[in-house]
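For reference, the structure is listed below as structure tokens.
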Amino acid sequence: MVRLQNSLPPPSARDDDMPLKKVFVKTYGCQMNVYDSERMIEALAPVGYEHTDAIEQADVIVLNTCHIREKAAEKVYSELGRIRQVKADRLTEGKRTTVAVAGCVAQAEGQEILDRAAVVDIVIGPQSYQQLPGLIFEAETQARKILKLDFPERDKFQDLPKRAGPRQASAFLTVQEGCDKFCTFCVVPYTRGMEFSRPVADVLHEARALVAGGVRELTLLGQNVNAYHGEGSNGKAVSLARLLAELAEIDGLERLRYTTSHPNDMTDDLIAAHRDNPKLMPYLHLPFQAGADRILAGMNRKHTASSYRLLIDRIRAARPDIALSTDIIVGFPGETENEFGETLRMVEDIGFAQAYSFKYSPRPGTPAAMLEDQIAEEVQSERLQRLQALLEVQQSRFNASCVGLVLPVLFERPGRDNGQLVGRSPYLQAVHATAAETLLGGIHEVEISVANRHSLTGIVRPAFA
């Protein structure tokens, strides 16, 4: 019989002299999942876990899943098949491995994951991951499967530990979760719940901790971040624009961004913030999804092609140099060739520096999944190819327009080549430059010399070299 190593005790019983165990986290999907994965790792640190990139060394394996992309659940089950062998190999060495599936696929699939994948010990939704340390202890000591998919009344952020440092120059900070829009293609209201905004004081506290750890740029996250309405110091709701203004007052914080937004929540004060807040970068991700009003109505987007165009005009009037990004879905049920043509015209008329485009795929439980007149896969693929060709031209054109400019670049990490650093321009482009490692974590002027398809190359100005 294999003798299993003992489980870690709960936090109250933790002995600092006990050897650390290891946790491996694989993250799928959006920036919010990246943030959530970091917070899971930080939540496990007080009970004796350290992060590892080597899955075969992990005492706990967490798949933090996303349900937005096509065939998301199938990808998770495929990964669990590989993890089954890892768990079996470790068992022969007398090592216990606890496997948890977290995130939106966990919330959507629930019990089915436990039924289909015996390797899984814990299924936990995105609103409950702060309970992960206790659930791991429970699963190991009671030798039972755990399903945790409720939406606790208590703010989960209140139960998470303080942010760890030091950190890289850029970081994500979740300020809002959930969505009340109920787009017919989207699972977010069902997996993340209704809109919730964190209190301003909590956001500022976390932001200051991140800056103290070396962060110079914060990206505020939310499924519908510009609907932020967190409680301010006076007990009244505060807008995203006001939150950005308060964050801008933090010494050492040089840059602010936010994503993802809905057109109907681009308020006057938020548009003005792009003009008036010097720390808010000239970059905006604002999905329009489709260019035909009938399709937008079918998606329940609550905006029209015309209202989106007028909104963009207002934003560009406030910040003429702003770089725009968007999300686009092709092949929504019933979309005609002419309606797809309206999407192409929208892209041509507006011009995007960057975009994310996808074929529509049904998400179980969403209204659009039950619509008739689903578009054939080959038609979707052909339309997506045409759209992406246009978007590639626009991105290349925008990058080319930066050649010869001197841009402030926040260097975040070493590049692939010796003596090279990689950073981000104000427009979120990756910028490669030959520079000393002492420039990491700082913002330095770079003269752009080459525009690549998805990045820029430049030379650090002599005064900063």
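By convention here, the chains of the structure tokens are called A, B, ... in the order presented, each chain's residues are numbered starting at 1, and ligands are numbered starting at 1 in the order presented.
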Backbone-only DSSP, helix (DSSP H, G or I) members of region 101-244 of chain A, as an NGL selection string: :A and (104-109 or 111-116 or 129-142 or 156-159 or 188-191 or 200-212 or 225-227 or 240-244)
Contact residues around region 255-266 of chain A with only C-alpha atoms at 10 Å, ignoring same-chain residues under 4 positions, as a count of residues only: 58
Two-atom distance - CA of Ala102 (chain A), CA of Gly125 (chain A) (Å):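 Calculated distance between CA of Ala102 (chain A) and CA of Gly125 (chain A) is 5.5 Å.
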Nearest to Arg345 (chain A), chosen from A:Pro199, A:Gly94, A:Gly110, A:Gly291, with only C-alpha atoms counted in the distances: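 Ranking A:Pro199, A:Gly94, A:Gly110, A:Gly291 by distance to Arg345 (chain A), first place goes to A:Gly291.
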All strand (DSSP E or B) positions in region 96-312 of chain A, as an MDAnalysis selection string: chainID A and resid 98:103 122:124 146:148 170:174 176:177 196:197 217:221 230:231 237:238 255:259 280 283:285 289
Spatial neighbours of region 354-367 of chain A, max dist 8 Å, only C-alpha atoms, sep filter under 3 positions, as a ChimeraX atom specification: /A:70,184-187,324-332,370-371,380-381,384,387-388,391,394-395
Residue nearest Pro161 (chain A) among A:Leu63, A:Val99, A:Leu440, A:Ala209 (counting only C-alpha atoms):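 Of A:Leu63, A:Val99, A:Leu440, A:Ala209, the one nearest Pro161 (chain A) is A:Ala209, counting only C-alpha atoms.
Of the residues listed (A:His432, A:Val203, A:Phe182, A:Arg383), A:Phe182 shows the shortest atom-to-atom separation from Ala297 (chain A); distances use only C-alpha atoms.
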